[in-house]
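**Q** Below is a structure I'd like to ask you about.
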Amino acid sequence: MVMRLFEERRSIRKYEERPVEEEKLRAVLEAGRLAPSWANLQCWSFIVVKDPAARQAVSEKLEKNPAQKAVAQAPVLIAVCADPSKSGHHDGMDYYLVDIGITLEHMVLEAWNQGLGTCWVGLFNEAEIKPILGIPDDIRLVALTPLGYPAKYPDDRGRKPLEEIVFYERYGQL
Ligand SMILES: Cc1cc2nc3c(=O)[nH]c(=O)nc-3n(C[C@H](O)[C@H](O)[C@H](O)COP(=O)(O)O)c2cc1C
């Protein structure tokens with residue numbers, strides 16, 4: 001069942017206008033809430049943006065991003081924020097990015113389970129978008145996703161075969 005989700009999920013960049021039911025939105029957010037995190041600190045917060053003017057304003061800051069139109073078109077936009085002081089920094093690695101990766105992927109998969117599409121959006125200028133959503137200086141805006149009913153199911157983008165990415169016992173050993 002979970003494997004089917006992994007196989008069938010796609011990044012959706014075309015959406016229907018149809019609104020997302022509150023209980024489905026709630027299930028998606030709940031999936032994010034249940035994600036594991038560094039020391040269970042749950043550094044995240046989610047901004048649910050339905051206001052078309054705000055979605056349009058964010059979209060205008062996503063010039064040349066393949067998901068630009070989707071952000072204005074989908075009935076819901078979720079902004080995923082992190083408070084880095086509530087996560088780990090160890091050995092040169094910032095774990096708030098990992099925490100956000102997990103929580104958003106939980107939401108992405110539950111959305112698909114509910115028949116809804118999403119698209120990770122990570123390529124943006126944070127400083128331009130934060131003021132639109134009233135995000136404080138010490139909070140990072142890590143990712144965005146549109147959320148809504150898919151209007152188009154894209155082809156499989158493909159993945160590297162296991163033979164290319166799995167080593168045994170030592171790095172580089174096939
Ligand atoms: C961290 C991250 C950032 C991404 N940023 C963007 C983005 O800014 N714009 C976009 O259109 N897609 C973005 N994507 C979606 C990827 O392009 C997509 O997942 C990949 O091409 C594989 O396609 P699939 O999700 O349909 O399998 C991002 C994905 C990840 C995981």
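Residue names in the structure tokens use chain letters A, B, ... in the order shown, residue numbers from 1 in each chain, and ligand numbers from 1 in the order shown.
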Can I get the residues close to ligand 1 as a PyMOL selection string, where close means within 7 Å and we count only C-alpha atoms and all ligand atoms?

**A** chain A and resi 9-12+65-67+119-124+154+156-157

**Q** Out of stretch 24-171 of chain A, which residues get strand (DSSP E) from DSSP, as a PDB file with C-alpha atoms, in the first residue's frame?

**A**
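Result went into states-v6.pdb, see below:
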```pdb
ATOM      1  CA  TRP A  44       8.139  23.185  12.167  1.00  0.00           C
ATOM      2  CA  SER A  45       5.102  25.327  11.610  1.00  0.00           C
ATOM      3  CA  PHE A  46       2.758  25.311   8.624  1.00  0.00           C
ATOM      4  CA  ILE A  47       0.996  28.295   7.096  1.00  0.00           C
ATOM      5  CA  VAL A  48      -2.184  27.382   5.203  1.00  0.00           C
ATOM      6  CA  VAL A  49      -2.769  30.053   2.568  1.00  0.00           C
ATOM      7  CA  VAL A  76      -4.386  25.925  -1.076  1.00  0.00           C
ATOM      8  CA  LEU A  77      -0.739  26.781  -0.584  1.00  0.00           C
ATOM      9  CA  ILE A  78       1.153  25.378   2.389  1.00  0.00           C
ATOM     10  CA  ALA A  79       4.295  27.174   3.529  1.00  0.00           C
ATOM     11  CA  VAL A  80       6.545  25.003   5.671  1.00  0.00           C
ATOM     12  CA  CYS A  81       8.586  26.960   8.207  1.00  0.00           C
ATOM     13  CA  ALA A  82      11.320  25.972  10.650  1.00  0.00           C
ATOM     14  CA  HIS A  89      23.201  21.389  14.422  1.00  0.00           C
ATOM     15  CA  HIS A  90      25.903  18.759  14.538  1.00  0.00           C
ATOM     16  CA  MET A  93      24.854  19.646   9.433  1.00  0.00           C
ATOM     17  CA  ASP A  94      21.664  21.623  10.011  1.00  0.00           C
ATOM     18  CA  GLY A 117      -1.678  16.681  -5.528  1.00  0.00           C
ATOM     19  CA  THR A 118       1.292  18.627  -4.214  1.00  0.00           C
ATOM     20  CA  ARG A 140      13.175  30.036   8.032  1.00  0.00           C
ATOM     21  CA  LEU A 141      10.823  29.431   5.157  1.00  0.00           C
ATOM     22  CA  VAL A 142      12.136  26.116   3.840  1.00  0.00           C
ATOM     23  CA  ALA A 143       9.535  24.923   1.363  1.00  0.00           C
ATOM     24  CA  LEU A 144       6.165  25.586  -0.206  1.00  0.00           C
ATOM     25  CA  THR A 145       3.642  23.285  -1.777  1.00  0.00           C
ATOM     26  CA  PRO A 146       0.431  23.896  -3.654  1.00  0.00           C
ATOM     27  CA  LEU A 147      -2.355  21.532  -2.606  1.00  0.00           C
ATOM     28  CA  GLY A 148      -5.399  20.638  -4.661  1.00  0.00           C
TER      29      GLY A 148
END
```

**Q** Could you check which of A:Glu30, A:Asp83, A:Glu16, A:Glu169 is closest to A:Ile139, using only C-alpha atoms?

**A**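 The closest residue to A:Ile139 is A:Asp83.
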
**Q** Select, from A:Ala72, A:Leu162, A:Ala53, A:Glu21, the residue with the minimum atom-to-atom distance to A:Leu174, counting only C-alpha atoms.

**A**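 The answer is A:Leu162, which sits nearest to A:Leu174.
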
**Q** Just checking: using only C-alpha atoms, which residue out of A:Glu17, A:Arg26, A:Lys64, A:Ser85 ends up closest to A:Pro52?

**A**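 Of A:Glu17, A:Arg26, A:Lys64, A:Ser85, the one nearest A:Pro52 is A:Glu17, counting only C-alpha atoms.
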